[in-house]
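**Student:** Sending over a structure as structure tokens; questions will come in a sec.
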Amino acid sequence: MSDSFDTNPFDKGLAIRREVLGADYVDAAMAAADDFTRPMQELSTAWCWGAVWSRPGLARRDRSLINIAMIAVLNRPQELRLHLRAALNNGVTREEIREVLLQVAVYAGIPAGMASFHLARDVLAEVDGGPDAG
């Protein structure tokens, strides 16, 4: 095993996940986990956040940009909503989000781009506390 391999990715992942997604969201997700869903929460925390998001090869803002593109292409609106907010937490600008979504539209299709733009507009309004805030 290499020296860079972390033998406890869950604890590291939980800390990163809380920083990126917000402690309130992560704590609520972990508290809501039951015997059926807890293994998925643990896997996501250790694998995604502890093993990958902790790597030094990309900055968190870059990982956020990549996630927005991939999740938009996969048409996962709940996760896209979450990762749009995370991207803002990681210093991604609204202009950068717009550019990523334009790229999604070109490479994944106009319907994916349009749906992602609509969702992003709603998230940004919520963040701003505007009339569409939920």
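Chain labels follow the order of the structure tokens: the first chain is A, the next B, and so on; residue numbering restarts at 1 in every chain, and ligands are counted from 1 in their shown order.
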Find the residues around Glu42 of chain A up to 12 Å (only C-alpha atoms counted), leave out those fewer than 2 positions away in its own chain, and share them as number ranges by chain.

**Tutor:** A: 8-14, 17, 26, 29-31, 33-40, 44-50

**Student:** Can you write just those residues out, N, CA and C atoms, as an mmCIF file, in the first residue's frame?

**Tutor:**
```
data_model
loop_
_atom_site.group_PDB
_atom_site.id
_atom_site.type_symbol
_atom_site.label_atom_id
_atom_site.label_comp_id
_atom_site.auth_asym_id
_atom_site.auth_seq_id
_atom_site.Cartn_x
_atom_site.Cartn_y
_atom_site.Cartn_z
ATOM 1 N N ASN A 8 -8.287 5.597 6.588
ATOM 2 C CA ASN A 8 -9.539 6.004 7.202
ATOM 3 C C ASN A 8 -10.195 7.108 6.378
ATOM 4 N N PRO A 9 -10.669 6.770 5.195
ATOM 5 C CA PRO A 9 -11.263 7.804 4.333
ATOM 6 C C PRO A 9 -12.608 8.323 4.844
ATOM 7 N N PHE A 10 -13.298 7.585 5.704
ATOM 8 C CA PHE A 10 -14.608 8.046 6.168
ATOM 9 C C PHE A 10 -14.480 9.337 6.965
ATOM 10 N N ASP A 11 -13.594 9.379 7.944
ATOM 11 C CA ASP A 11 -13.460 10.589 8.771
ATOM 12 C C ASP A 11 -13.014 11.786 7.938
ATOM 13 N N LYS A 12 -12.044 11.569 7.059
ATOM 14 C CA LYS A 12 -11.589 12.638 6.180
ATOM 15 C C LYS A 12 -12.731 13.061 5.256
ATOM 16 N N GLY A 13 -13.445 12.093 4.717
ATOM 17 C CA GLY A 13 -14.551 12.396 3.817
ATOM 18 C C GLY A 13 -15.677 13.142 4.500
ATOM 19 N N LEU A 14 -15.975 12.785 5.725
ATOM 20 C CA LEU A 14 -17.039 13.467 6.461
ATOM 21 C C LEU A 14 -16.685 14.934 6.664
ATOM 22 N N ARG A 17 -16.930 16.637 3.181
ATOM 23 C CA ARG A 17 -18.341 16.693 2.783
ATOM 24 C C ARG A 17 -19.062 17.807 3.536
ATOM 25 N N VAL A 26 -25.287 17.762 5.613
ATOM 26 C CA VAL A 26 -24.640 16.467 5.841
ATOM 27 C C VAL A 26 -25.118 15.846 7.144
ATOM 28 N N ALA A 29 -28.533 14.444 6.596
ATOM 29 C CA ALA A 29 -28.497 13.225 5.785
ATOM 30 C C ALA A 29 -28.009 12.041 6.602
ATOM 31 N N MET A 30 -26.989 12.256 7.411
ATOM 32 C CA MET A 30 -26.457 11.163 8.234
ATOM 33 C C MET A 30 -27.470 10.765 9.315
ATOM 34 N N ALA A 31 -28.129 11.746 9.909
ATOM 35 C CA ALA A 31 -29.111 11.456 10.959
ATOM 36 C C ALA A 31 -30.334 10.734 10.402
ATOM 37 N N ALA A 33 -30.318 8.625 7.987
ATOM 38 C CA ALA A 33 -29.960 7.290 7.486
ATOM 39 C C ALA A 33 -30.508 6.218 8.428
ATOM 40 N N ASP A 34 -31.050 5.184 7.821
ATOM 41 C CA ASP A 34 -31.542 4.049 8.600
ATOM 42 C C ASP A 34 -30.711 2.818 8.237
ATOM 43 N N ASP A 35 -31.122 1.677 8.720
ATOM 44 C CA ASP A 35 -30.348 0.459 8.463
ATOM 45 C C ASP A 35 -30.200 0.169 6.967
ATOM 46 N N PHE A 36 -31.198 0.573 6.182
ATOM 47 C CA PHE A 36 -31.146 0.323 4.748
ATOM 48 C C PHE A 36 -30.247 1.334 4.036
ATOM 49 N N THR A 37 -30.354 2.623 4.363
ATOM 50 C CA THR A 37 -29.635 3.671 3.629
ATOM 51 C C THR A 37 -28.267 4.027 4.208
ATOM 52 N N ARG A 38 -28.008 3.664 5.461
ATOM 53 C CA ARG A 38 -26.730 4.016 6.096
ATOM 54 C C ARG A 38 -25.509 3.521 5.302
ATOM 55 N N PRO A 39 -25.515 2.292 4.791
ATOM 56 C CA PRO A 39 -24.349 1.862 4.015
ATOM 57 C C PRO A 39 -24.069 2.754 2.799
ATOM 58 N N MET A 40 -25.114 3.290 2.158
ATOM 59 C CA MET A 40 -24.898 4.181 1.021
ATOM 60 C C MET A 40 -24.300 5.506 1.476
ATOM 61 N N SER A 44 -20.640 6.660 0.142
ATOM 62 C CA SER A 44 -20.475 7.962 -0.503
ATOM 63 C C SER A 44 -19.481 8.826 0.258
ATOM 64 N N THR A 45 -19.594 8.856 1.559
ATOM 65 C CA THR A 45 -18.705 9.684 2.379
ATOM 66 C C THR A 45 -17.266 9.218 2.269
ATOM 67 N N ALA A 46 -17.043 7.928 2.387
ATOM 68 C CA ALA A 46 -15.668 7.405 2.348
ATOM 69 C C ALA A 46 -15.083 7.431 0.944
ATOM 70 N N TRP A 47 -15.849 6.984 -0.014
ATOM 71 C CA TRP A 47 -15.321 6.810 -1.366
ATOM 72 C C TRP A 47 -15.255 8.128 -2.120
ATOM 73 N N CYS A 48 -16.396 8.810 -2.245
ATOM 74 C CA CYS A 48 -16.409 10.066 -3.006
ATOM 75 C C CYS A 48 -15.613 11.161 -2.311
ATOM 76 N N TRP A 49 -15.953 11.379 -1.061
ATOM 77 C CA TRP A 49 -15.389 12.525 -0.348
ATOM 78 C C TRP A 49 -14.037 12.226 0.274
ATOM 79 N N GLY A 50 -13.872 11.045 0.862
ATOM 80 C CA GLY A 50 -12.613 10.716 1.529
ATOM 81 C C GLY A 50 -11.517 10.249 0.599
#
```

**Student:** Which residues are close to Gln103 of chain A, i.e. within 12 Å by only C-alpha atoms, leaving aside same-chain residues fewer than 3 positions away? Reply as an MDAnalysis selection string.

**Tutor:** chainID A and resid 65:66 68:70 72:73 96:100 106:110 112:114 116:117

**Student:** Determine which residues of segment 6-124 of chain A receive a DSSP assignment of alpha helix (DSSP H), computed from the backbone, and state them as an MDAnalysis selection string.

**Tutor:** chainID A and resid 9:21 23:32 38:43 60:73 77:89 94:108 110:124

**Student:** Between atom CA of Pro111 of chain A and atom CA of Arg61 of chain A, what distance in Å does the model show, to one decimal?

**Tutor:**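 Straight-line distance from atom CA of Pro111 of chain A to atom CA of Arg61 of chain A works out to 25.5 Å.
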
**Student:** Write out as a PyMOL selection string each polymer residue whose atoms come within 12 Å of segment 125-130 of chain A, counting only C-alpha atoms; drop sequence neighbours fewer than 3 positions from it.

**Tutor:** chain A and resi 81-82+84-86+88-89+94+118-122+133-134

**Student:** Under the rule that only C-alpha atoms are counted, which of A:Ala28, A:Ala59, A:Leu43, A:Val52 is the nearest residue to Asn90 of chain A?

**Tutor:**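 Smallest separation from Asn90 of chain A among the options: A:Ala59.
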
**Student:** So what do you get for atom CA of Val123 of chain A versus atom CA of Ile71 of chain A, distance-wise?

**Tutor:**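 If I compute the distance from atom CA of Val123 of chain A to atom CA of Ile71 of chain A, I get 14.9 Å.
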
**Student:** Out of A:Thr93, A:Ala32, A:Asp27, A:Pro77, which residue has the shortest atom-to-atom distance to Ser64 of chain A when counting only C-alpha atoms?

**Tutor:**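 Answer, going by the shortest atom-to-atom distance: A:Thr93.
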
**Student:** Using atom CA of Val92 of chain A and atom CA of Val20 of chain A as the two end points, give the distance in Å to one decimal.

**Tutor:**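 These two atoms are separated by 11.9 Å.
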
**Student:** Choose the residue, out of A:Val104, A:Ala51, A:Ile16, A:Leu21, that has the smallest atom-to-atom separation from Asn75 of chain A; count only C-alpha atoms.

**Tutor:**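 Using only C-alpha atoms, the shortest distance to Asn75 of chain A belongs to A:Val104.
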
**Student:** For Arg60 of chain A, which of A:Ala115, A:Leu102, A:Gly91, A:Arg18 is the closest residue, counting only C-alpha atoms?

**Tutor:**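 With only C-alpha atoms as the atom set, the closest residue is A:Gly91.
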